[in-house]
Amino acid sequence: MTTSSEQAPPRVGLFVTCLVDMFRPTVGFAAVKLMEDAGCVVDVPAAQTCCGQPAYNSGDRKDTRAIAEQVITAFEPFDYVVAPSGSCGAMLKHHYLELFTDDPVWHERAKAFSDKVHELVSFLTDVLGIEQVESGFEGSVTYHDSCSGLREMGVKQQPRKLLRGLDGVTLKEMETPDVCCGFGGTFCVKYPDISNAIVEKKTSRIREAKAGTLLAGDLGCLMNMAGKLQREGSAIEVRHVAEVLADMADGPAIGQPKTSGTGQ
Amino acid sequence: MKIQSPTFKTNTSEALEDVNLQKAMSVVEGNFVAKRAQAASELPEFESLRDSARDIKNHTLAHIDLYLEAFEKKVTEAGGHVHWAETAEDARRIALEICRKENARTVTKGKSMISEEIGLNEFFEENGIAPVETDLGEYIIQLRKEHPSHIIAPALHVTQDQVADDFREHHTHLDAERNLEEAPTLLQEARKILRDKYFAADVGITGANFLIAETGTSVIVTNEGNGDLTQLLPRVHLVLASIEKVIPTLDDAAQFLRVLGRSATGQEMSVYTTLSTGPKRADDPDGPEEYHVILLDNGRSEMIGSEYQDMLRCIRCGACMNHCPVYQAVGGHAYGWVYPGPMGSVLTPSLIGVDKAGHLPNASTFCGRCESVCPVRIPLPKMMRHWREQEFEKKLNPATQRSALGLWAFAAKRPRLYQFGTRMAMAVMGRLGRRRGRFRQMPLAGGWTRHRDLPAPEGKTFQALWAERRKNR
């Protein structure tokens with residue numbers, strides 16, 4: 001919560017991610033709150049749109065590069081770049097470097113940028129050293145390890161540690177929490193039937209865990225699993241882990257109607 | 001083998017509807033994934049062995065010409081013959097010539113994916129030679145007139161009940177009322193029938209897990225011992241292997257064997273590991289009188305020096321497919337050619353062309369589980385992405401996808417336009433979805449809403465709310 005008085009507070013640029021920006025701003029504000037509470041100065045550059053993954057994974061290198069240059073430039077003034085997503089985080093941290101292997105100047109800039117990039121929860125724990133957060137959230141939760149966060153950003157124990165530190169929360173692990181939910185960006189619309197077979201397996205694991213709330217660190221996976229659970233008639237609530245950690249889980253869960261009529 | 005990769009989408013729809021296939025595939029997590037994890041956790045140096053396996057392969061590929069020449073020299077010194085086959089057709093022709101010279105009527109075969117790759121069984125049958133598969137899984141699919149759906153568990157897609165039915169149908173000399181409920185009974189029955197075939201065979205054909213340059217040795221691993229009988233009993237032993245199977249030394253082979261079994265089936269080692277070097281020597285009690293090796297290129301040398309070179313490290317353990325959510329959902333036949341799963345999605349376009357196999361590298365969630373278990377650390381998702389780049393450059397992907405992507409990219413490069421657009425779109429969607437919180441149907445998002453609801457946006461975008469917060473401060 002405090003930084004030493006001589007040290008300037010870390011300046012963090014929030015990479016908001018397209019899905020958070022469009023579908024669930026609450027996650028962005030939860031991220032801001034978590035970092036501000038930890039003593040960071042957070043800003044959100046307006047010149048960001050998307051990390052470029054849809055183009056990158058579709059084989060369109062040229063457009064990806066143009067988008068990457070735009071993102072790198074926008075975030076150069078910050079000490080850290082933090083994304084509430086392992087997938088976009090991995091794109092910024094690892095894949096931007098691959099785009100510029102033949103351009104020494106941009107590769108240098110991409111390298112400096114890459115060194116500053118973190119996924120939100122691992123930034124809180126591994127960089128800021130936070131061991132516990134304050135949240136009044138109550139209930140049982142199960143946590144899905146989103147693929148890029150897990151395998152490219154090393155996020156596994158960090159969210160579990162913070163969740164276990166909350167008095168009102170019981171963590172009930174599902175079987176194989178590290179198996180893909182079938183979202184895969186454009187995969188889920190290019191191959192909807194395969195994607196469905198994968199998410200069906202996932203939701204049965206989630207239901208078997210018998211937790212009231214499903215959490216994860218990536219909105220894409222969360223929308224996929226929430227959409228499937230709701231199609232199956234399940235009452236399990238689905239939220240981004242940042243909402244719970246920031247004590248901002250009082251609004252409707254993903255895909256749920258606004259009950260009070262006000263909301264965010 | 002007929003190439004069916006272009007109809008991948010239809011293949012997968014059929015696979016998802018196939019009750020038997022789905023039942024057969026449901027054992028993969030428990031049988032392969034869990035066992036690999038257990039075996040890896042019991043060996044403290046497993047991760048460093050993977051690094052070492054990768055390094056040995058990289059070194060070998062960098063000097064593959066020298067190692068192949070050294071291998072040939074040693075085989076010749078041991079009294080064997082090496083044949084170089086540039087194409088599948090060359091390999092088939094050479095194999096047939098060897099069998100013809102022997103007047104072979106029956107040929108036993110130990111598992112070899114290369115023989116699938118060159119379509120050897122069909123070719124032999126057309127030329128009056130009866131190939132007999134001796135691996136239990138291969139034997140089963142031969143009865144069923146199918147192809148392997150997995151590189152180490154060829155009949156993975158078949159349930160035990162189906163095998164019992166197949167045996168009743170084909171083994172007509174046995175009592176029709178016999179009990180075939182237990183797996184060991186099925187195994188015993190197949191074993192008994194195959195035993196006679198080993199003695200009848202004129203030529204035995206095996207694949208090779210490794211070719212050792214230092215000694216001119218071919219190595220095969222099996223769990224049933226069928227490889228040993230195939231290569232020891234007939235008068236001629238023919239090894240069919242692709243060029244990238246070569247490794248420098250026996251010590252290297254020992255390292256690979258430690259990661260191979262653990263990655264494939266979770267075993268410390270396969271039950272049988274057989275090394276053969278040339279034909280029977282004067283004082284050997286048994287063994288073939290002639291020993292041939294066919295070294296197949298079939299497009300591989302073109303991969304060397306390309307962005308797909310790392311794929312040639314593959315030691316065919318099958319761990320990537322076992323761990324792949326797509327493979328687990330649709331099985332191996334859906335991939336439409338010899339090599340399925342993530343390794344197939346990279347290798348197949350190299351061998352048959354990205355124009356025919358374009359679906360394969362696209363049908364991946366990029367979850368990365370394949371790369372995380374690969375014993376030689378092949379960056380499979382990265383190479384699938386390379387294929388997508390080639391497709392994009394050649395304009396092979398559908399026009400609707402291309403124009404949607406182009407439109408999106410145009411906006412994504414213009415933040416003001418993009419934010420104006422998202423603000424408008426989300427306001428509308430937010431209002432429409434406010435009552436239910438989600439959509440059951442959405443124009444242009446049919447792929448999504450066919451199987452799941454689409455969560456409605458909150459209404460205002462984060463960027464719009466952030467701008468408001470700034471103004472109010």
# chains A, B, ... in the order shown; residues from 1 in each chain; ligands from 1
$ select_by_dssp --residues "region 127-209 of chain A" --states "strand (DSSP E)" --output "PyMOL selection string"
chain A and resi 139-143+169-171
$ interface_residues --of "chain A" --to "chain B" --cutoff "7 Å" --atoms "only C-alpha atoms" --output "PyMOL selection string"
chain A and resi 21-25+28+47-50+55+57-60+63+66-67+147-148+151+180+182-184+187-189+191-192+194+196-198+223+227-228+230-231+254-258
$ write_last_selection --atoms "N, CA and C atoms" --output "CSV table (one decimal), in the first residue's frame"
chain,number,residue,atom,x,y,z
A,21,ASP,N,-12.6,-3.4,-22.7
A,21,ASP,CA,-13.1,-2.1,-23.2
A,21,ASP,C,-14.5,-2.2,-23.6
A,22,MET,N,-14.8,-3.2,-24.5
A,22,MET,CA,-16.1,-3.2,-25.1
A,22,MET,C,-17.2,-3.8,-24.2
A,23,PHE,N,-16.9,-5.0,-23.6
A,23,PHE,CA,-17.9,-5.8,-22.9
A,23,PHE,C,-18.0,-5.6,-21.4
A,24,ARG,N,-16.8,-5.4,-20.8
A,24,ARG,CA,-16.8,-5.4,-19.3
A,24,ARG,C,-15.8,-4.4,-18.7
A,25,PRO,N,-16.2,-3.1,-18.8
A,25,PRO,CA,-15.3,-2.1,-18.3
A,25,PRO,C,-15.0,-2.3,-16.8
A,28,GLY,N,-11.7,-3.4,-16.1
A,28,GLY,CA,-10.6,-2.4,-16.2
A,28,GLY,C,-10.6,-1.5,-14.9
A,47,ALA,N,-4.6,6.1,-27.2
A,47,ALA,CA,-4.1,5.6,-28.5
A,47,ALA,C,-4.0,4.1,-28.6
A,48,GLN,N,-4.7,3.3,-27.8
A,48,GLN,CA,-4.7,1.9,-27.9
A,48,GLN,C,-6.0,1.4,-28.4
A,49,THR,N,-5.9,0.3,-29.2
A,49,THR,CA,-7.2,-0.3,-29.7
A,49,THR,C,-7.2,-1.8,-29.3
A,50,CYS,N,-6.2,-2.5,-29.8
A,50,CYS,CA,-6.2,-4.0,-29.6
A,50,CYS,C,-4.7,-4.3,-29.6
A,55,ALA,N,-5.2,-10.3,-36.0
A,55,ALA,CA,-4.4,-10.3,-37.2
A,55,ALA,C,-3.2,-11.2,-37.2
A,57,ASN,N,-2.7,-14.0,-35.4
A,57,ASN,CA,-3.0,-15.4,-35.5
A,57,ASN,C,-3.8,-15.8,-36.8
A,58,SER,N,-4.1,-14.8,-37.6
A,58,SER,CA,-4.7,-15.0,-38.9
A,58,SER,C,-3.6,-15.0,-40.0
A,59,GLY,N,-2.4,-14.8,-39.6
A,59,GLY,CA,-1.3,-14.7,-40.5
A,59,GLY,C,-1.0,-13.4,-41.2
A,60,ASP,N,-1.7,-12.4,-40.7
A,60,ASP,CA,-1.5,-11.0,-41.3
A,60,ASP,C,-0.4,-10.3,-40.5
A,63,ASP,N,-0.3,-6.0,-40.8
A,63,ASP,CA,-1.2,-5.2,-40.0
A,63,ASP,C,-0.8,-5.3,-38.5
A,66,ALA,N,1.9,-3.0,-37.7
A,66,ALA,CA,1.5,-1.6,-37.6
A,66,ALA,C,0.8,-1.4,-36.2
A,67,ILE,N,0.0,-2.3,-35.8
A,67,ILE,CA,-0.7,-2.2,-34.5
A,67,ILE,C,0.3,-2.2,-33.4
A,147,CYS,N,-5.1,-20.4,-21.0
A,147,CYS,CA,-3.9,-21.0,-21.6
A,147,CYS,C,-2.6,-20.1,-21.6
A,148,SER,N,-2.8,-18.9,-22.2
A,148,SER,CA,-1.7,-18.0,-22.4
A,148,SER,C,-1.1,-17.5,-21.1
A,151,ARG,N,0.7,-20.7,-19.6
A,151,ARG,CA,1.9,-21.3,-20.3
A,151,ARG,C,2.9,-20.2,-20.8
A,180,CYS,N,-7.6,-26.2,-21.9
A,180,CYS,CA,-8.3,-25.1,-22.7
A,180,CYS,C,-9.8,-25.2,-22.6
A,182,GLY,N,-11.6,-23.9,-25.1
A,182,GLY,CA,-12.1,-23.9,-26.4
A,182,GLY,C,-12.4,-22.6,-27.1
A,183,PHE,N,-12.0,-21.5,-26.4
A,183,PHE,CA,-12.2,-20.2,-26.9
A,183,PHE,C,-11.3,-19.9,-28.1
A,184,GLY,N,-10.0,-19.7,-27.8
A,184,GLY,CA,-9.0,-19.6,-28.8
A,184,GLY,C,-9.2,-18.5,-29.8
A,187,PHE,N,-10.7,-19.0,-33.3
A,187,PHE,CA,-10.9,-20.4,-33.4
A,187,PHE,C,-12.4,-20.7,-33.1
A,188,CYS,N,-13.0,-20.0,-32.1
A,188,CYS,CA,-14.3,-20.4,-31.6
A,188,CYS,C,-15.4,-20.1,-32.7
A,189,VAL,N,-15.1,-19.1,-33.6
A,189,VAL,CA,-16.1,-18.9,-34.6
A,189,VAL,C,-15.7,-19.5,-36.0
A,191,TYR,N,-14.2,-22.6,-36.1
A,191,TYR,CA,-14.6,-24.0,-35.9
A,191,TYR,C,-15.5,-24.2,-34.7
A,192,PRO,N,-16.8,-23.6,-34.9
A,192,PRO,CA,-17.7,-23.6,-33.7
A,192,PRO,C,-18.0,-24.9,-33.1
A,194,ILE,N,-16.2,-27.8,-33.0
A,194,ILE,CA,-15.1,-28.3,-32.2
A,194,ILE,C,-15.0,-27.5,-30.9
A,196,ASN,N,-17.2,-26.0,-29.4
A,196,ASN,CA,-18.3,-26.4,-28.5
A,196,ASN,C,-18.0,-27.7,-27.8
A,197,ALA,N,-17.4,-28.7,-28.5
A,197,ALA,CA,-17.1,-29.9,-27.8
A,197,ALA,C,-16.1,-29.7,-26.7
A,198,ILE,N,-15.2,-28.8,-26.9
A,198,ILE,CA,-14.2,-28.5,-25.9
A,198,ILE,C,-14.8,-27.8,-24.7
A,223,MET,N,-16.1,-15.3,-21.2
A,223,MET,CA,-17.3,-15.1,-22.0
A,223,MET,C,-17.7,-16.4,-22.6
A,227,GLY,N,-21.1,-18.1,-21.5
A,227,GLY,CA,-22.1,-18.3,-22.5
A,227,GLY,C,-22.6,-19.8,-22.6
A,228,LYS,N,-21.6,-20.7,-22.4
A,228,LYS,CA,-22.0,-22.1,-22.4
A,228,LYS,C,-22.7,-22.5,-21.2
A,230,GLN,N,-24.6,-20.7,-19.3
A,230,GLN,CA,-25.9,-20.2,-19.4
A,230,GLN,C,-26.8,-20.9,-20.4
A,231,ARG,N,-26.2,-21.3,-21.5
A,231,ARG,CA,-27.0,-22.1,-22.5
A,231,ARG,C,-27.4,-23.4,-21.9
A,254,ILE,N,-21.0,-11.9,-15.4
A,254,ILE,CA,-20.9,-11.9,-16.9
A,254,ILE,C,-22.2,-12.6,-17.5
A,255,GLY,N,-22.9,-11.8,-18.4
A,255,GLY,CA,-24.0,-12.4,-19.0
A,255,GLY,C,-25.3,-12.4,-18.2
A,256,GLN,N,-25.2,-11.7,-17.0
A,256,GLN,CA,-26.4,-11.6,-16.2
A,256,GLN,C,-27.0,-10.2,-16.3
A,257,PRO,N,-28.4,-10.2,-16.2
A,257,PRO,CA,-29.0,-8.8,-16.4
A,257,PRO,C,-28.7,-8.0,-15.2
A,258,LYS,N,-28.9,-6.7,-15.4
A,258,LYS,CA,-28.7,-5.7,-14.3
A,258,LYS,C,-30.0,-5.8,-13.4
$ select_by_dssp --residues "region 97-163 of chain A" --states "alpha helix (DSSP H)" --output "count of residues only"
31
$ residues_around --residues "Gly225 (chain B)" --least-positions-apart "3" --cutoff "10 Å" --atoms "only C-alpha atoms" --output "ChimeraX atom specification"
/B:110,134-135,221-222,228-230,270-274
$ write_last_selection --atoms "all heavy atoms" --output "CSV table (one decimal), in the first residue's frame"
chain,number,residue,atom,x,y,z
B,110,GLY,N,6.2,-54.5,-38.8
B,110,GLY,CA,6.1,-53.9,-37.5
B,110,GLY,C,5.7,-52.5,-37.7
B,110,GLY,O,5.9,-52.0,-38.8
B,134,THR,N,1.6,-56.6,-37.6
B,134,THR,CA,1.8,-57.4,-36.5
B,134,THR,C,1.6,-56.7,-35.1
B,134,THR,O,1.4,-57.3,-34.1
B,134,THR,CB,3.2,-58.0,-36.5
B,134,THR,OG1,4.1,-57.0,-36.4
B,134,THR,CG2,3.4,-58.9,-37.7
B,135,ASP,N,1.6,-55.4,-35.2
B,135,ASP,CA,1.2,-54.6,-34.0
B,135,ASP,C,-0.3,-54.8,-33.7
B,135,ASP,O,-1.1,-54.8,-34.7
B,135,ASP,CB,1.5,-53.1,-34.2
B,135,ASP,CG,1.0,-52.2,-33.1
B,135,ASP,OD1,-0.2,-51.8,-33.2
B,135,ASP,OD2,1.8,-52.0,-32.2
B,221,VAL,N,11.2,-49.5,-30.8
B,221,VAL,CA,10.6,-49.8,-29.5
B,221,VAL,C,9.2,-50.3,-29.7
B,221,VAL,O,8.5,-49.8,-30.6
B,221,VAL,CB,10.6,-48.5,-28.6
B,221,VAL,CG1,12.0,-48.0,-28.3
B,221,VAL,CG2,9.7,-47.4,-29.1
B,222,THR,N,8.8,-51.3,-29.0
B,222,THR,CA,7.4,-51.8,-29.1
B,222,THR,C,7.1,-52.3,-27.7
B,222,THR,O,7.9,-52.5,-26.8
B,222,THR,CB,7.3,-53.0,-30.0
B,222,THR,OG1,8.0,-54.2,-29.5
B,222,THR,CG2,7.7,-52.7,-31.4
B,228,ASP,N,10.4,-57.4,-32.9
B,228,ASP,CA,11.5,-58.4,-32.9
B,228,ASP,C,11.2,-59.6,-33.8
B,228,ASP,O,12.1,-60.0,-34.6
B,228,ASP,CB,11.7,-58.9,-31.4
B,228,ASP,CG,12.0,-57.8,-30.5
B,228,ASP,OD1,11.5,-56.7,-30.7
B,228,ASP,OD2,12.8,-58.1,-29.5
B,229,LEU,N,10.0,-60.1,-33.7
B,229,LEU,CA,9.7,-61.3,-34.5
B,229,LEU,C,9.6,-60.9,-35.9
B,229,LEU,O,10.0,-61.7,-36.8
B,229,LEU,CB,8.3,-61.9,-34.0
B,229,LEU,CG,8.3,-62.4,-32.6
B,229,LEU,CD1,6.9,-62.8,-32.1
B,229,LEU,CD2,9.3,-63.6,-32.4
B,230,THR,N,9.2,-59.7,-36.2
B,230,THR,CA,9.1,-59.3,-37.6
B,230,THR,C,10.5,-59.2,-38.3
B,230,THR,O,10.7,-59.6,-39.4
B,230,THR,CB,8.4,-57.9,-37.7
B,230,THR,OG1,7.1,-58.0,-37.1
B,230,THR,CG2,8.3,-57.4,-39.1
B,270,SER,N,9.8,-48.5,-23.1
B,270,SER,CA,8.9,-49.4,-23.8
B,270,SER,C,9.3,-50.8,-23.3
B,270,SER,O,10.5,-51.0,-22.9
B,270,SER,CB,9.0,-49.4,-25.3
B,270,SER,OG,8.7,-48.1,-25.7
B,271,VAL,N,8.5,-51.8,-23.5
B,271,VAL,CA,8.8,-53.2,-23.0
B,271,VAL,C,9.9,-53.8,-23.8
B,271,VAL,O,10.8,-54.4,-23.3
B,271,VAL,CB,7.5,-54.1,-23.1
B,271,VAL,CG1,7.9,-55.5,-22.6
B,271,VAL,CG2,6.4,-53.5,-22.2
B,272,TYR,N,9.9,-53.5,-25.1
B,272,TYR,CA,11.0,-54.0,-25.9
B,272,TYR,C,11.7,-52.8,-26.6
B,272,TYR,O,11.1,-52.0,-27.2
B,272,TYR,CB,10.5,-54.9,-27.0
B,272,TYR,CG,9.8,-56.2,-26.5
B,272,TYR,CD1,8.5,-56.2,-26.2
B,272,TYR,CD2,10.6,-57.4,-26.4
B,272,TYR,CE1,7.9,-57.3,-25.7
B,272,TYR,CE2,10.0,-58.5,-25.9
B,272,TYR,CZ,8.6,-58.5,-25.6
B,272,TYR,OH,8.0,-59.6,-25.1
B,273,THR,N,13.0,-52.8,-26.5
B,273,THR,CA,13.8,-51.9,-27.3
B,273,THR,C,14.8,-52.7,-28.1
B,273,THR,O,15.6,-53.5,-27.5
B,273,THR,CB,14.6,-50.9,-26.4
B,273,THR,OG1,13.7,-50.2,-25.6
B,273,THR,CG2,15.4,-50.0,-27.2
B,274,THR,N,14.7,-52.7,-29.4
B,274,THR,CA,15.5,-53.6,-30.2
B,274,THR,C,16.5,-52.9,-31.1
B,274,THR,O,16.0,-52.0,-31.9
B,274,THR,CB,14.6,-54.5,-31.1
B,274,THR,OG1,13.5,-55.0,-30.2
B,274,THR,CG2,15.3,-55.7,-31.7
